[in-house]
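Accompanying notes for the structure given below.
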Amino acid sequence: MDIVEKLAILSDAAKYDVSCSSSGSTRTNKNNGIGNAESSGICHSFTTDGRCISLLKILMTNICSYDCVYCINRISSDVRRAFLSPSEIAELTINFYKRNYIEGLFLSSAVYKNPDYTMELIIEAVTLLRNAYNFNGYIHIKVIPGTKTELIARAGRLVDRMSVNMELPSEKSLSLLAPQKTLHNIMSPMSFIHSNIITNIEEKRIFKSTPDFVPAGQSTQLIIGATNEDDLKIIRLTENLYKSFKLKRVYYSAYIPVSTNPLLPVIDKPPLLREHRLYQADWLLRFYGFKADELLTERKPFFDTNYDPKTDWALNHLGFFPVEINTAPPRTLLRIPGIGHRSVNKILALRRVHKINSDNLKKLGIVMKRARHFITCDGRYCGDMFNDFYIRNILVDQKAKALTSTTRQLSFFDS
């Protein structure tokens, strides 16, 4: 099998791993090397100035010794197999970089023979890139659960980011669908990486020459819909991961049916809307000061498909509203649907000069279709009727109109 065939197989197999994003790394070019991760990023992302950035995203191999029933690369799956040696991975990365196809590498792998052996091969590939090819660009690797801490420590000094994928949200689900994996083998590397990142930060304050350890942090991935955990359990787990390990991101991947195993759910299509709602809730946890138990309860453990989580929370807490735009503190303004951090800053700046009315809010770029139902301007309610039933119906109606409206691109041939 030639290198082109291997690349086709292993890049396609890597598409199920979504735990990568903009790097946030500050690894600069040095010693006349090639590549630069500073102020850039990785695969299929956009920087704040609008640049599209990419990376080579591949598996080292899809030859797996595990039999996770939800995985396309499980040992019992009838798929074409391929293996890239460390030298082939290094050469591919450099050749793609020189052609300006990529700005970095995301390297994952199936469990080849055992976790330690797989991790040693990944480290060998990364070592070749850093030392033999003098590559200073962005590198993100996936840590194989169950790997020895010595190997993780070696890898952490070579790469910018690591991800340890949880995949399933509970020990029970892992034992059912991925019997060779345990929660301990997943959480231990996360804890080790986190503690070493903290230690590295402290050491760098004393010794400036201390080499970096995973400078862009760590992330993880959860598969949504393969098991029966509700959104509340998933979002509580997410909150705990951010709190305990200071993860950069938790990624959610809607379950894609790749097997007819009776242990797996029978679905027509992946739960993409549910995945989207979890990403929206994740944003509220990280940047808006919400708690998991505020967004969902035991009586209501799933997000509403009709409303985004912030709007849903507002509708379930109408006693908190309407909020007076001219006097409310920033944390309160952030709880209003249709108002984000930038909008809050604009409101705070404008109300130092004069009182704000609804026309001012429109000019500030606030989403008034949602926000107007939950605010007052100088004592005057901006909506039509402050009533739970009315607001719910009008918001659903607006969504339906947006979905059914048809638009088309203008043509030179239009009369």
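Lettering and numbering for the structure tokens are positional, with chains as A, B, ... in the shown order, residues counted from 1 in each chain, and ligands counted from 1 in the shown order.
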- Hey, what does DSSP flag as helix (DSSP H, G or I) within stretch 6-242 of chain A? Can you give it to me as number ranges by chain? A: 6-16, 86-98, 115-132, 149-156, 171-177, 183-206, 231-242
For A:Asn345, please output as a ChimeraX atom specification all residues within 12 Å (counting only C-alpha atoms; exclusion window: fewer than 2 positions along the same chain). /A:329-331,333-334,339-343,347-352,364-366
A straight line from atom CA of A:Leu264 to atom CA of A:Val69 spans 7.8 Å
Can you tell me, as an MDAnalysis selection string, what residues are no more than 10 Å from A:Leu183 when counting only C-alpha atoms, ignoring any on the same chain fewer than 3 positions away? chainID A and resid 145:146 166 168:175 186:188
Problem - DSSP strand (DSSP E or B) residues within stretch 234-273 of chain A, as a ChimeraX atom specification - result: /A:249-254
Using only C-alpha atoms, please write the residues we just selected to a file, as a tab-separated table (two decimals), in the first residue's frame.
```
chain	number	residue	atom	x	y	z
A	249	ARG	CA	-12.39	22.72	25.83
A	250	VAL	CA	-14.84	19.87	26.14
A	251	TYR	CA	-15.98	18.78	22.69
A	252	TYR	CA	-19.26	17.04	21.94
A	253	SER	CA	-19.69	14.62	19.05
A	254	ALA	CA	-23.16	13.47	18.00
```
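For the pair atom CA of A:Glu203 and atom CA of A:Gly217, the interatomic distance is 16.3 Å.
Using only C-alpha atoms, the nearest neighbour of A:Phe386 within the list A:Pro322, A:Pro337, A:Gly156, A:Pro179 is A:Pro322.
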Q) Quick one, how far is atom CA of A:Met162 from atom CA of A:Ile141? A)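 Calculated distance between atom CA of A:Met162 and atom CA of A:Ile141 is 5.1 Å.
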Near A:Asn261, counting only C-alpha atoms, which residues have an atom at most 12 Å away, once you skip same-chain residues fewer than 6 positions from it, shown as number ranges by chain?
A: 67-72, 76-77, 176-177, 226
| message | If we count only C-alpha atoms and set the cut-off at 12 Å, which residues sit around stretch 308-316 of chain A, ignoring sequence neighbours fewer than 6 positions away in its own chain? Please answer as a PyMOL selection string. | response | chain A and resi 231-232+235+273-285+288-297+300+302+322-323+332-340+369-375+386-393+395-396+399
